[in-house]
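Asks: Sharing a structure with you now.
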Amino acid sequence: VIDPRDISAVAVTALLTDDHDNQAYTLTGPELLTTADQVARLSDVLGRPLRTFDEPDSAVRAEFLRQGMSDEFVDVVMKGWEYVREGGLAVLTEDVERALGRPATSYKQWATDHAAQFRQAVNA
């Protein structure tokens with residue numbers, strides 16, 4: 001999980017200086033977080049209980065098909081979700097700090113910075 005502002009800052013820095021020529025970055029936030037971790041931090045920031053729940057794959061597949069998605073597309077999406085659930089994207093780097101000279105922004109800080117928008121969306 002990475003703050004989009006960090007991605008933008010790295011892109012701007014890479015485009016405006018030669019310091020990043022021939023560099024390849026894997027941009028991540030400063031900590032590995034599950035969906036439940038993200039919801040817990042957001043709940044803390046908003047001061048209200050939030051929860052997650054898992055839908056059975058069969059129910060998700062059926063809903064995608066009901067919405068008109070092809071079997072082939074749904075197969076790819078479901079395989080992607082399985083990959084993520086098994087930790088396939090659980091990667092943590094210090095590349096944001098290497099590129100910017102400062103640590104990556106935490107998810108909790110990002111949530112704090114956007115709390116007003118979350119509250120507005122909930123009350124809409």
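Residues are named by chain letter and number: chains run A, B, ... in the order of the structure tokens, numbers start at 1 in each chain, and ligands are numbered from 1 in the order shown.
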Show me, as a list of chain:residue names, the residues that have an atom within 12 Å of Pro56 (chain A) when counting only C-alpha atoms, minus same-chain residues fewer than 4 positions from it.

Replies: A:Val60, A:Arg61, A:Ala62, A:Glu63, A:Met78, A:Trp81, A:Glu82

Asks: Suppose you want the space between CA of Gln38 (chain A) and CA of Phe53 (chain A); what is it in Å?

Replies: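 Rounded to one decimal, the two atoms are 13.2 Å apart.
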
Asks: DSSP on the backbone: which residues in chain A end up as helix (DSSP H, G or I)? Give the answer as JSON, numbers by chain.

Replies: {"A": [4, 5, 6, 7, 8, 9, 10, 11, 12, 13, 14, 15, 16, 35, 36, 37, 38, 39, 40, 41, 42, 43, 44, 45, 46, 57, 58, 59, 60, 61, 62, 63, 64, 65, 66, 71, 72, 73, 74, 75, 76, 77, 78, 79, 80, 81, 82, 83, 84, 85, 95, 96, 97, 98, 99, 100, 107, 108, 109, 110, 111, 112, 113, 115, 116, 117, 118, 119, 120, 121, 122, 123]}

Asks: With distances taken over only C-alpha atoms, which residue among A:Ala40, A:Val45, A:Ala11, A:Val96 lies nearest Ala115 (chain A)?

Replies: A:Val45

Asks: Quick one: of A:Ile7, A:Asp21, A:Asp54, A:Gly29, who's nearest to Thr105 (chain A), counting only C-alpha atoms?

Replies: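 Using only C-alpha atoms, Thr105 (chain A) sits closest to A:Gly29.
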
Asks: Would you mind reading off the distance between CA of Gly88 (chain A) and CA of Leu65 (chain A), one decimal, in Å?

Replies: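 These two atoms are separated by 25.3 Å.
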
Asks: Any idea what's packed within 8 Å of Thr52 (chain A), counting only C-alpha atoms, ignoring anything in its chain fewer than 5 positions away? Could you give it as an MDAnalysis selection string?

Replies: chainID A and resid 35:36 39

Asks: Got time to write the residues from that selection, C-alpha atoms, as a short mmCIF file (atom, residue, chain, number, x, y, z; two decimals), in the first residue's frame?

Replies:
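Output file out_34.cif is given in full below:
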data_model
loop_
_atom_site.label_atom_id
_atom_site.label_comp_id
_atom_site.auth_asym_id
_atom_site.auth_seq_id
_atom_site.Cartn_x
_atom_site.Cartn_y
_atom_site.Cartn_z
CA THR A 35 -7.00 -5.24 3.92
CA ALA A 36 -7.99 -5.83 7.55
CA VAL A 39 -9.60 -0.99 7.67
#

Asks: Could you check the closest approach to Ala90 (chain A) for each of A:Thr28, A:Ser8, A:Asn22, A:Thr13 and tell me which residue wins, using only C-alpha atoms?

Replies: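 Selected residue with least distance to Ala90 (chain A): A:Thr28.
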
Asks: Mind giving me the straight-line distance from CA of Asp37 (chain A) to CA of Arg51 (chain A) in Å, one decimal?

Replies: 10.2 Å

Asks: I want to know what sits within 8 Å of Val1 (chain A), based on only C-alpha atoms, with residues of the same chain fewer than 2 positions away left out; could you give that as a ChimeraX atom specification?

Replies: /A:3,28-29,31-33,107

Asks: Just write the chosen residues, N, CA, C and O atoms, as an mmCIF file, in the first residue's frame.

Replies:
data_model
loop_
_atom_site.group_PDB
_atom_site.id
_atom_site.type_symbol
_atom_site.label_atom_id
_atom_site.label_comp_id
_atom_site.auth_asym_id
_atom_site.auth_seq_id
_atom_site.Cartn_x
_atom_site.Cartn_y
_atom_site.Cartn_z
ATOM 1 N N ASP A 3 1.029 5.627 -0.733
ATOM 2 C CA ASP A 3 0.354 6.909 -0.910
ATOM 3 C C ASP A 3 0.581 7.366 -2.352
ATOM 4 O O ASP A 3 1.728 7.478 -2.789
ATOM 5 N N THR A 28 6.759 1.163 -2.717
ATOM 6 C CA THR A 28 5.837 0.627 -1.714
ATOM 7 C C THR A 28 5.723 1.624 -0.572
ATOM 8 O O THR A 28 6.542 2.523 -0.435
ATOM 9 N N GLY A 29 4.723 1.421 0.242
ATOM 10 C CA GLY A 29 4.627 2.176 1.476
ATOM 11 C C GLY A 29 5.652 1.630 2.470
ATOM 12 O O GLY A 29 6.433 0.735 2.148
ATOM 13 N N GLU A 31 5.143 -0.116 5.216
ATOM 14 C CA GLU A 31 4.784 -1.325 5.962
ATOM 15 C C GLU A 31 3.869 -2.201 5.116
ATOM 16 O O GLU A 31 3.130 -1.716 4.261
ATOM 17 N N LEU A 32 3.948 -3.504 5.354
ATOM 18 C CA LEU A 32 3.048 -4.442 4.696
ATOM 19 C C LEU A 32 1.725 -4.436 5.440
ATOM 20 O O LEU A 32 1.697 -4.589 6.663
ATOM 21 N N LEU A 33 0.641 -4.253 4.717
ATOM 22 C CA LEU A 33 -0.676 -4.188 5.332
ATOM 23 C C LEU A 33 -1.660 -5.082 4.597
ATOM 24 O O LEU A 33 -1.715 -5.070 3.370
ATOM 25 N N TYR A 107 0.185 4.509 5.673
ATOM 26 C CA TYR A 107 -1.238 4.428 5.336
ATOM 27 C C TYR A 107 -2.053 5.241 6.337
ATOM 28 O O TYR A 107 -2.979 5.949 5.960
#

Asks: So that I can see what lies close to Asp95 (chain A), please list as a list in words the residues with an atom at most 7 Å from it, counting only C-alpha atoms and leaving out residues fewer than 6 positions away in the same chain.

Replies: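 Selected residues are Tyr25, Thr26 and Leu27 of chain A.
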
Asks: So which residues touch Val122 (chain A) within 12 Å, counting only C-alpha atoms, skipping near sequence neighbours fewer than 5 positions away, as a ChimeraX atom specification?

Replies: /A:46,48,50,115-117

Asks: Residues of the last selection are to be written out with C-alpha atoms, as a PDB file, in the first residue's frame.

Replies:
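Once written, again_37.pdb looks like this:
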ATOM      1  CA  LEU A  46     -12.411   8.030  11.696  1.00  0.00           C
ATOM      2  CA  ARG A  48     -15.934   4.636  14.208  1.00  0.00           C
ATOM      3  CA  LEU A  50     -15.459  -0.564  10.457  1.00  0.00           C
ATOM      4  CA  ALA A 115     -10.403  11.720   6.753  1.00  0.00           C
ATOM      5  CA  ALA A 116     -12.669  14.631   5.797  1.00  0.00           C
ATOM      6  CA  GLN A 117     -13.317  13.095   2.377  1.00  0.00           C
TER       7      GLN A 117
END

Asks: Just checking: using only C-alpha atoms, which residue out of A:Lys79, A:Arg85, A:Arg66, A:Arg102 ends up closest to Ala9 (chain A)?

Replies: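 Comparing A:Lys79, A:Arg85, A:Arg66, A:Arg102 against Ala9 (chain A), the winner is A:Arg102.
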